[in-house]
Amino acid sequence: MAKRLCFIAKPNESPIFKEIEVEFKYYNGFAISQKQKSIDSMHKSINAMDQNLRILEVSTKSTDPIGVSLSAFNLKFLNEKTGIEYPLENIFQSSKVFEGGGPYRDLLSVHPKDAKRDERLKTSGSLIHFNYDEMIWEKEPKTMFYDWIYICSLHRNKSLSEKILEYDAFTDIEFNHEKSFNCQARSAAIFVSLCRLGKLEEALRNKEEFKKVYSNR
């Protein structure tokens, strides 16, 4: 058995997304078929709690092509100043600033997996903040910068931004909430809520507006 988080769009609540811990049968092994068995098991457990939820796995292991396209390795972020697109993962990793170095802009031009695994990200000391395009994003709330670049990327992809609205709940089989903070499934749930509220443009206007997404008030 394993436990993972499911992120549900809750546009009429505060905050506008809900995290629920789900226990399910986990299938060991690195083969994608094993991962997909685990995904199916997790989704069945979620629907046992709420059969009306329309669930999408957001990862490269998803059985749904939409979920694969929404992976941070595949979703592209457009730099509006240069007109160049980069995988979202590369934008995130190349924006990290540590006590002993960074941001490492050369990570923009490598494979997303290589960007994520770069040794400098582990050996440069504590993370101070994020620096994207000379704009500083603080560490708190912990997932704010990641969610922002993800939602910006999705907003600029009309096809995906329309298709994702067919779903209410999102999972990422690779995300272990005991070890990591940022999750593409959480970002997806926030995007759906903002769209349903008609507040996507407002939230993306600036950092302070976007920070309200995490408010419990």
# chains A, B, ... in the order shown; residues from 1 in each chain; ligands from 1
>>> closest_atom_pairs(of="stretch 77-182 of chain A", to="stretch 33-52 of chain A", cutoff="9 Å", atoms="only C-alpha atoms", output="JSON lines")
{"residue": "A:Thr171", "atom": "CA", "partner": "A:Ile39", "partner_atom": "CA", "distance": 8.3}
{"residue": "A:Asp172", "atom": "CA", "partner": "A:Ile39", "partner_atom": "CA", "distance": 8.3}
{"residue": "A:Ile173", "atom": "CA", "partner": "A:Ile39", "partner_atom": "CA", "distance": 6.3}
{"residue": "A:Glu174", "atom": "CA", "partner": "A:Lys35", "partner_atom": "CA", "distance": 8.7}
>>> write_last_selection(atoms="all heavy atoms", output="short mmCIF file (atom, residue, chain, number, x, y, z; two decimals), in the first residue's frame")
data_model
loop_
_atom_site.label_atom_id
_atom_site.label_comp_id
_atom_site.auth_asym_id
_atom_site.auth_seq_id
_atom_site.Cartn_x
_atom_site.Cartn_y
_atom_site.Cartn_z
N THR A 171 -3.82 14.04 -10.10
CA THR A 171 -2.83 13.25 -9.36
C THR A 171 -1.50 13.26 -10.12
O THR A 171 -1.44 13.58 -11.31
CB THR A 171 -3.29 11.78 -9.21
OG1 THR A 171 -3.44 11.18 -10.51
CG2 THR A 171 -4.60 11.70 -8.45
N ASP A 172 -0.45 12.91 -9.40
CA ASP A 172 0.89 12.73 -9.98
C ASP A 172 1.52 11.57 -9.23
O ASP A 172 1.94 11.72 -8.08
CB ASP A 172 1.72 14.00 -9.83
CG ASP A 172 3.14 13.84 -10.38
OD1 ASP A 172 3.51 12.72 -10.79
OD2 ASP A 172 3.89 14.84 -10.39
N ILE A 173 1.56 10.41 -9.84
CA ILE A 173 2.00 9.19 -9.18
C ILE A 173 3.44 9.29 -8.67
O ILE A 173 3.81 8.63 -7.70
CB ILE A 173 1.84 7.97 -10.12
CG1 ILE A 173 1.92 6.65 -9.34
CG2 ILE A 173 2.87 8.01 -11.25
CD1 ILE A 173 0.82 6.45 -8.32
N GLU A 174 4.25 10.15 -9.28
CA GLU A 174 5.65 10.28 -8.88
C GLU A 174 5.85 11.24 -7.71
O GLU A 174 6.93 11.30 -7.12
CB GLU A 174 6.50 10.76 -10.08
CG GLU A 174 6.43 9.86 -11.31
CD GLU A 174 7.24 8.57 -11.15
OE1 GLU A 174 7.46 8.13 -10.01
OE2 GLU A 174 7.65 8.01 -12.16
#
>>> residues_around(residues="A:Leu107", least_positions_apart="3", cutoff="10 Å", atoms="only C-alpha atoms", output="list of chain:residue names")
A:Glu89, A:Asn90, A:Ile91, A:Phe92, A:Gln93, A:Ser94, A:Ser95, A:Pro103, A:Tyr104, A:Val110, A:His111, A:Pro112, A:Asp114, A:Ala115, A:Lys116, A:Asp118
>>> write_last_selection(atoms="C-alpha atoms", output="short mmCIF file (atom, residue, chain, number, x, y, z; two decimals), in the first residue's frame")
data_model
loop_
_atom_site.label_atom_id
_atom_site.label_comp_id
_atom_site.auth_asym_id
_atom_site.auth_seq_id
_atom_site.Cartn_x
_atom_site.Cartn_y
_atom_site.Cartn_z
CA GLU A 89 11.06 22.13 -15.65
CA ASN A 90 14.05 23.97 -17.12
CA ILE A 91 12.59 27.36 -16.23
CA PHE A 92 12.03 26.23 -12.66
CA GLN A 93 15.48 24.72 -12.08
CA SER A 94 17.36 27.54 -13.84
CA SER A 95 15.66 30.14 -11.62
CA PRO A 103 20.81 31.03 -10.89
CA TYR A 104 22.30 28.47 -13.29
CA VAL A 110 19.68 20.83 -21.36
CA HIS A 111 17.16 17.99 -21.23
CA PRO A 112 14.56 18.54 -18.48
CA ASP A 114 19.30 16.64 -16.67
CA ALA A 115 18.21 20.05 -15.40
CA LYS A 116 16.39 18.45 -12.48
CA ASP A 118 22.14 18.78 -11.93
#
>>> select_by_dssp(residues="stretch 55-84 of chain A", states="strand (DSSP E or B)", output="JSON, numbers by chain")
{"A": [55, 56, 57, 76, 77, 78, 79, 84]}
>>> atom_distance(atom1="atom CA of A:Ala203", atom2="atom CA of A:Glu138")
16.8 Å
>>> closest_atom_pairs(of="stretch 135-188 of chain A", to="stretch 206-216 of chain A", cutoff="12 Å", atoms="only C-alpha atoms", output="tab-separated table")
residue	atom	partner	partner_atom	distance
A:Met135	CA	A:Lys207	CA	10.0
A:Ile136	CA	A:Lys207	CA	9.8
A:Trp137	CA	A:Lys207	CA	8.0
A:Glu138	CA	A:Lys207	CA	9.8
A:Lys139	CA	A:Lys211	CA	11.7
A:Glu140	CA	A:Lys211	CA	9.3
A:Pro141	CA	A:Tyr214	CA	7.6
A:Lys142	CA	A:Tyr214	CA	10.2
A:Thr143	CA	A:Tyr214	CA	9.6
A:Met144	CA	A:Lys211	CA	7.1
A:Phe145	CA	A:Lys207	CA	9.0
A:Tyr146	CA	A:Phe210	CA	11.7
A:Asp147	CA	A:Phe210	CA	9.4
A:Trp148	CA	A:Phe210	CA	7.6
A:Ile149	CA	A:Phe210	CA	11.2
A:Ile151	CA	A:Phe210	CA	10.4
A:Cys152	CA	A:Phe210	CA	11.1
A:Arg186	CA	A:Tyr214	CA	11.6
A:Ser187	CA	A:Val213	CA	10.9
>>> atom_distance(atom1="atom CA of A:His129", atom2="atom CA of A:Leu70")
25.1 Å
>>> atom_distance(atom1="atom CA of A:Gly125", atom2="atom CA of A:Ser71")
27.7 Å
>>> select_by_dssp(residues="stretch 40-163 of chain A", states="helix (DSSP H, G or I)", output="number ranges by chain")
A: 40-49, 65-69, 88-93, 105-109, 112-117, 120-123, 144-155, 158-163
